[in-house]
Every structure is written in C-alpha cells, then in structure tokens.
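One structure below.
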Amino acid sequence: MQKSMNSDTSVETLNSTRQGTGAVQMRIKSANSHHDRLSQSKSMVLTDAGKVIEPISRHRRNHSQHALKDVIPPLEQLMVEKEGYLQKAKIADGGKKLRKNWSTSWIVLSSRKLEFYKESKQQALSNMKTGHKPESVDLCGAHIEWAKEKSSRKNVFQITTVSGNEFLLQSDIDFIILDWFHAIKNAIDRLPKDPSGSSRNLELFKIQRSSSTELLSHYDNDIKEQKPEHRKSLMFRLHHSASDTSDKNRVKSRLKKFITRRPSLKTLQEKGLIKDQIFGSHLHTVCERENSTVPRFVKQCIEAVEKRGLDVDGIYRVSGNLATIQKLRFIVNQEEKLNLDDSQWEDIHVVTGALKMFFRELPEPLFPYSFFERFVEAIKKQDYNTRIETIKTLVQKLPPPNRDTMKILFGHLTKIVAKASKNLMSTQSLGIVFGPTLLRAEDETGNMAIHMVYQNQIAELMLTEYSKIFGSEE
C-alpha cells in the first residue's frame with residue numbers, strides 16, 4: 001500500500017518559519033502532468049494571537065503580489081478600529097487655507113483612512129443618498145501633531161495629508177482625545193511610507209509651502225519631462241511660492257516710493273481727485289465753501305426733526321442704525337443731492353444721529369478750544385445773573401459761523417424741550433447729550449469727570465436762558 005501511494009503521488013512536507021510563526025505548506029504534484037507545475041497551493045499562517053491571515057497565492061501570474069501587499073492592505077485591515085464623536089475643522093484643502101469652522105462629526109478610523117459623518121455611521125449610511133460618499137482622509141503618508149497654536153480650544157491636534165488637506169480634531173475630555181491621537185498615530189505608523197509615490201507627493205506639497213530655491217531646482221528636471229500644460233501649472237505654483245518673500249520686499253519698496261512721491265492734499269483737491277468733505281472739516285471751512293455762516297446740512301437736519309420728530313420718544317437720546325447713518329454721511333460728503341424726506345431716512349433717529357456725528361467730528365468743537373476755560377469760569381460764578389451775562393458776552397465774541405450755528409442749534413433744542421411731555425427729553429437730558437459733543441478741552445488729560453459736569457451745566461443754562469443769551473442777536 002505504501003508503494004502504491006508513492007507510484008500515484010508524492011507528498012512533500014516543508015517546514016518554514018515566517019515572522020516568528022510556524023507555517024506548513026503542502027504541495028501536491030500530479031504524476032501524469034507533462035510539466036512540473038503547481039496545480040494546487042494552500043498556505044496557513046498562525047499569528048501569536050491565533051488569528052488566521054489569508055494566504056498569498058504563489059501562482060506565476062500573481063507572483064507580483066509580494067510587492068502589492070504593502071500598497072493594498074488585506075481586507076481585515078480596512079475594518080473599523082475606532083469610532084466616535086469629535087469636534088472637527090478643515091483648515092486647508094489642497095494647500096489652500098480655509099476658514100476654520102468647527103462642527104461635531106462622527107469619526108470612523110480604519111487602518112488606512114478616517115471618515116467623517118454628521119451622525120453615527122449606521123444612521124449616516126441609512127440616510128445617505130445613493131452615490132454620495134463621506135468625507136475621508138487617506139492616512140498613508142499623513143502627518144499628525146499637536147496644534148495648540150492653531151486654536152484657543154484645548155486638546156487640539158492636526159492631521160496633514162500628502163495632498164495638502166489639513167484637519168483639526170478636538171475634544172474637551174483629555175483621555176478621549178489622547179486615545180484618538182495615539183490610535184491615529186499608530187495607524188499612520190503601520191502604513192508604508194512611500195506607496196505609489198506618496199512620499200514624493202508629500203515633498204512636492206512641502207515645496208509649495210517653502211521658499212527654498214534649492215528644493216525647486218531639485219525638481220526642475222522632473223517638471224521638464226511633464227506635459228506642457230501640467231508643467232506650466234506646476235511651475236507657476238512652485239515659483240510663486242518661492243518668490244513670496246521677494247514679492248513682499250518689492251511691495252514694501254513700492255509702497256515707500258509711493259508714500260515719498262505722493263502728491264499733497266492740496267494738489268489732489270485742485271485736480272478734483274479729492275472732494276472737500278462736510279464731515280470732519282472745520283466749521284469755518286464748510287461755511288466759506290457754502291458762502292454761509294451755518295452749514296446747509298445742519299439746517300436740513302433741524303428742519304427734518306422739527307417736521308416729524310418733535311414728538312418722538314427719546315429724540316437725540318436713542319441711537320439710529322449706524323450703517324444707515326454712515327450711508328447718509330457718505331452721501332453728504334460726496335455732495336450728492338440730499339432729500340431727508342426720502343423713505344430711506346424714515347427713521348428720524350438716523351437724522352439726529354448724523355447731526356450729532358457732524359458736531360462730534362468737527363476738528364475743533366462748536367465751542368472753540370480757546371473759549372473752553374472762559375465758559376467754565378463763567379458757569380462757576382455764584383451769582384446767577386452774572387453767570388448769564390458772562391456767557392452772553394462770550395457768545396457774542398465767538399466767530400460768526402460758531403455763533404450763528406450755536407444760535408440755530410440751541411433754538412431748535414428749546415423746541416425739543418417744549419415737547420418734553422411727549423418726547424421725554426428734558427433740559428438736563430439734552431445737556432447730557434450735547435454738552436460733551438459741543439464743548440470739550442483741547443487737552444483732556446485733566447479731570448474729565450469735572451469737565452463733564454461743567455459741559456452739561458453750560459449746555460443746560462444756554463437752553464434754559466436761550467432768549468436772554470441769544471435774544472439781542474436777532
């Protein structure tokens with residue numbers, strides 16, 4: 001019987017070791033075959049943990065699998081290793097920086113990639129539309145590091161891929177983020193470093209972010225071998241990055257030349273390139289330009305408020321929409337035709353806000369700096385009548401644009417006070433609003449609290465005794 005078996009088949013038993021494990025291979029040869037080839041092959045490898053790894057075929061046409069096994073991982077390596085919720089922010093896509101927006105994502109880690117879902121994987125797969133794939137990160141050749149400087153949040157680390165994508169992952173719970181960091185790092189370390197030219201892609205990505213001309217020249221030969229359209233695109237990206245520093249220096253140099261050679265404001269105004277402004281100009285300049293002693297804009301605002309704002313609650317106290325006020329300011333500065341009855345200025349608080357802004361932006365306040373201390377000394381006088389007469393004398397000494405504009409403004413404010421029962425704006429309220437705006441010291445390093453008291457008191461007195469102070473100036 002022993003001889004009969006030897007005549008039909010021959011059995012060879014080979015003992016070998018692979019990575020510290022035992023392997024038994026059995027080869028069966030057919031005695032009737034014309035060629036000495038393998039007709040059947042079986043291989044079983046036992047790991048230390050007792051797991052069975054799929055055999056690698058030794059068939060001739062598959063003999064290249066020994067090179068592909070590092071590129072294409074076995075099926076069980078694509079199984080989920082870890083999953084859970086983390087905070088995620090994508091900050092770069094292909095090297096292009098993105099706005100950092102944090103969102104909660106369900107993260108799934110396999111041996112080769114990370115996948116991001118908005119919900120748990122099972123729910124995501126059931127709700128996902130056909131053909132739609134989750135966002136994923138190829139870990140092959142990727143780099144992971146802690147990134148404290150990238151966010152004010154704690155426990156943040158960054159993953160950078162060979163394609164130039166950058167992700168931030170974060171969790172407030174220390175042990176969770178540490179577990180994720182080490183799990184991803186271990187997955188990256190297990191993967192081959194240069195699959196299908198990954199390392200070269202990583203170097204190219206680094207070149208795009210580097211200004212090193214030495215690295216650029218290293219790749220010049222490879223670039224020349226590419227197709228013209230590809231070479232042109234890549235050369236632009238590489239040399240554009242390399243010249244960032246020199247470009248910045250050139251920009252600085254040009255700016256310096258421009259600043260030193262820039263024309264004067266007077267020259268630009270003479271050429272009509274810069275128009276005279278209403279807001280921010282000296283009061284006398286505006287009046288001279290308009291051939292008047294009261295700015296046209298002040299008159300327009302006062303007329304609009306007296307027409308439709310005397311009964312409005314909190315007039316001059318309530319703030320209008322700042323964007324609309326700035327729009328009105330722009331139109332006035334451009335000397336465009338202004339119609340305050342237009343629907344866009346329907347909110348009267350926009351008009352009052354613009355009027356207050358006009359007085360607030362005067363380079364010198366309505367009460368000139370040279371008169372500030374004199375008005376303060378007048379309001380300090382103990383005798384009430386002496387106080388009124390002193391202020392009246394000071395008003396008469398003011399330059400015509402200041403005096404006439406002051407008279408029209410305070411005359412308007414007395415009409416506001418007359419309607420105090422409806423608009424709830426008393427003399428004291430208006431003094432608080434307009435005192436610091438119309439009257440301030442040139443050097444405000446002194447006691448501002450005391451100055452504010454005097455500012456309010458002066459404005460209140462000029463409202464209360466308007467007819468006595470301005471009556472003779474009809």
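Ordering of the structure tokens sets the chain letters (A, B, ...), residue numbers begin anew at 1 in every chain, and ligands are numbered from 1 in the order given.
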Pull the strand (DSSP E or B) assignments for stretch 85-197 of chain A out of DSSP run on the backbone, and list those residues as a PyMOL selection string.
-> chain A and resi 85-93+96-97+103-109+113-117+135-138+143-146+156-160+166-170
DSSP on the backbone: what in stretch 336-417 of chain A comes out helix (DSSP H, G or I), as a ChimeraX atom specification?
-> /A:343-345,348-360,369-380,384-397,400-417
If you count only C-alpha atoms, which residues fall within 10 Å of A:Ala354, apart from same-chain ones fewer than 4 positions away, as a PDB file with N, CA and C atoms, in the first residue's frame?
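Printed below is around18.pdb as written:
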```pdb
ATOM      1  N   PHE A 279     -18.270 116.256   6.660  1.00  0.00           N
ATOM      2  CA  PHE A 279     -17.932 115.666   7.957  1.00  0.00           C
ATOM      3  C   PHE A 279     -16.412 115.715   8.128  1.00  0.00           C
ATOM      4  N   PHE A 297     -26.123 121.328   5.844  1.00  0.00           N
ATOM      5  CA  PHE A 297     -26.538 120.038   6.390  1.00  0.00           C
ATOM      6  C   PHE A 297     -27.175 120.212   7.763  1.00  0.00           C
ATOM      7  N   VAL A 298     -26.648 121.111   8.583  1.00  0.00           N
ATOM      8  CA  VAL A 298     -27.226 121.357   9.908  1.00  0.00           C
ATOM      9  C   VAL A 298     -28.655 121.877   9.762  1.00  0.00           C
ATOM     10  N   CYS A 301     -31.055 118.983   8.686  1.00  0.00           N
ATOM     11  CA  CYS A 301     -31.369 118.047   9.772  1.00  0.00           C
ATOM     12  C   CYS A 301     -32.368 118.668  10.746  1.00  0.00           C
ATOM     13  N   SER A 319     -30.272 105.974  19.738  1.00  0.00           N
ATOM     14  CA  SER A 319     -29.343 105.892  18.599  1.00  0.00           C
ATOM     15  C   SER A 319     -30.039 105.313  17.377  1.00  0.00           C
ATOM     16  N   GLY A 320     -29.699 105.853  16.205  1.00  0.00           N
ATOM     17  CA  GLY A 320     -30.196 105.293  14.948  1.00  0.00           C
ATOM     18  C   GLY A 320     -29.280 104.195  14.447  1.00  0.00           C
ATOM     19  N   LEU A 322     -26.434 102.534  12.764  1.00  0.00           N
ATOM     20  CA  LEU A 322     -25.136 103.123  12.427  1.00  0.00           C
ATOM     21  C   LEU A 322     -24.810 102.981  10.944  1.00  0.00           C
ATOM     22  N   THR A 324     -26.888 102.954   8.430  1.00  0.00           N
ATOM     23  CA  THR A 324     -27.667 103.933   7.674  1.00  0.00           C
ATOM     24  C   THR A 324     -27.121 105.343   7.893  1.00  0.00           C
ATOM     25  N   ILE A 325     -26.677 105.609   9.119  1.00  0.00           N
ATOM     26  CA  ILE A 325     -26.070 106.921   9.403  1.00  0.00           C
ATOM     27  C   ILE A 325     -24.807 107.115   8.563  1.00  0.00           C
ATOM     28  N   GLN A 326     -23.985 106.063   8.471  1.00  0.00           N
ATOM     29  CA  GLN A 326     -22.761 106.144   7.665  1.00  0.00           C
ATOM     30  C   GLN A 326     -23.096 106.324   6.185  1.00  0.00           C
ATOM     31  N   LYS A 327     -24.174 105.706   5.753  1.00  0.00           N
ATOM     32  CA  LYS A 327     -24.606 105.880   4.360  1.00  0.00           C
ATOM     33  C   LYS A 327     -24.980 107.339   4.112  1.00  0.00           C
ATOM     34  N   LEU A 328     -25.725 107.920   5.057  1.00  0.00           N
ATOM     35  CA  LEU A 328     -26.097 109.334   4.946  1.00  0.00           C
ATOM     36  C   LEU A 328     -24.855 110.220   4.955  1.00  0.00           C
ATOM     37  N   ARG A 329     -23.926 109.895   5.801  1.00  0.00           N
ATOM     38  CA  ARG A 329     -22.663 110.637   5.885  1.00  0.00           C
ATOM     39  C   ARG A 329     -21.920 110.602   4.554  1.00  0.00           C
ATOM     40  N   ILE A 348     -36.225 108.822  12.091  1.00  0.00           N
ATOM     41  CA  ILE A 348     -35.717 110.153  12.443  1.00  0.00           C
ATOM     42  C   ILE A 348     -34.469 110.074  13.308  1.00  0.00           C
ATOM     43  N   HIS A 349     -34.266 108.937  13.980  1.00  0.00           N
ATOM     44  CA  HIS A 349     -33.063 108.766  14.805  1.00  0.00           C
ATOM     45  C   HIS A 349     -31.802 108.669  13.943  1.00  0.00           C
ATOM     46  N   VAL A 350     -31.955 108.300  12.677  1.00  0.00           N
ATOM     47  CA  VAL A 350     -30.821 108.316  11.748  1.00  0.00           C
ATOM     48  C   VAL A 350     -30.401 109.755  11.473  1.00  0.00           C
ATOM     49  N   PHE A 358     -21.924 114.890  12.987  1.00  0.00           N
ATOM     50  CA  PHE A 358     -21.313 116.053  12.345  1.00  0.00           C
ATOM     51  C   PHE A 358     -20.593 116.919  13.380  1.00  0.00           C
ATOM     52  N   PHE A 359     -21.267 117.234  14.485  1.00  0.00           N
ATOM     53  CA  PHE A 359     -20.646 118.067  15.519  1.00  0.00           C
ATOM     54  C   PHE A 359     -19.521 117.333  16.244  1.00  0.00           C
ATOM     55  N   ARG A 360     -19.668 116.027  16.401  1.00  0.00           N
ATOM     56  CA  ARG A 360     -18.643 115.239  17.098  1.00  0.00           C
ATOM     57  C   ARG A 360     -17.355 115.137  16.285  1.00  0.00           C
TER      58      ARG A 360
END
```
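Distances to A:Lys97 were evaluated for A:Val332, A:Asp189, A:Asn165, A:Ile416 using only C-alpha atoms, and the minimum falls at A:Asn165.
In this structure, atom CA of A:Glu135 sits 8.4 Å away from atom CA of A:Leu114.
Between A:Leu362 and the residues A:Lys88, A:Arg112, A:His284, A:Lys154, the shortest atom-to-atom distance, using only C-alpha atoms, involves A:His284.
The space between atom CA of A:Met452 and atom CA of A:Pro436 spans 6.4 Å.
Across A:Lys252, A:Lys415, A:Arg308, A:His143, the tightest approach to A:Lys185 is made by A:His143 when counting only C-alpha atoms.
Closest approach to A:Gln87 among A:Thr161, A:Ser152, A:Gln382, A:Gln170: A:Gln170, based on only C-alpha atoms.
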Measure the distance from atom CA of A:Val294 to atom CA of A:Pro401 in Å and round it to one decimal.
-> 5.9 Å
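The protein and nucleic acid residues lying at most 12 Å from A:Glu335 are Ile274, Lys275, Asp276, Gln277, Ile278, Phe279, Val286, Arg289, Glu290, Arg296, Phe297, Leu328, Arg329, Phe330, Ile331 and Asn339 of chain A, with only C-alpha atoms considered and sequence neighbours fewer than 4 positions away removed.
In terms of minimum interatomic distance to A:Gly471, A:Lys407 ranks closest within A:Lys150, A:Lys82, A:Lys407, A:Lys380, counting only C-alpha atoms.
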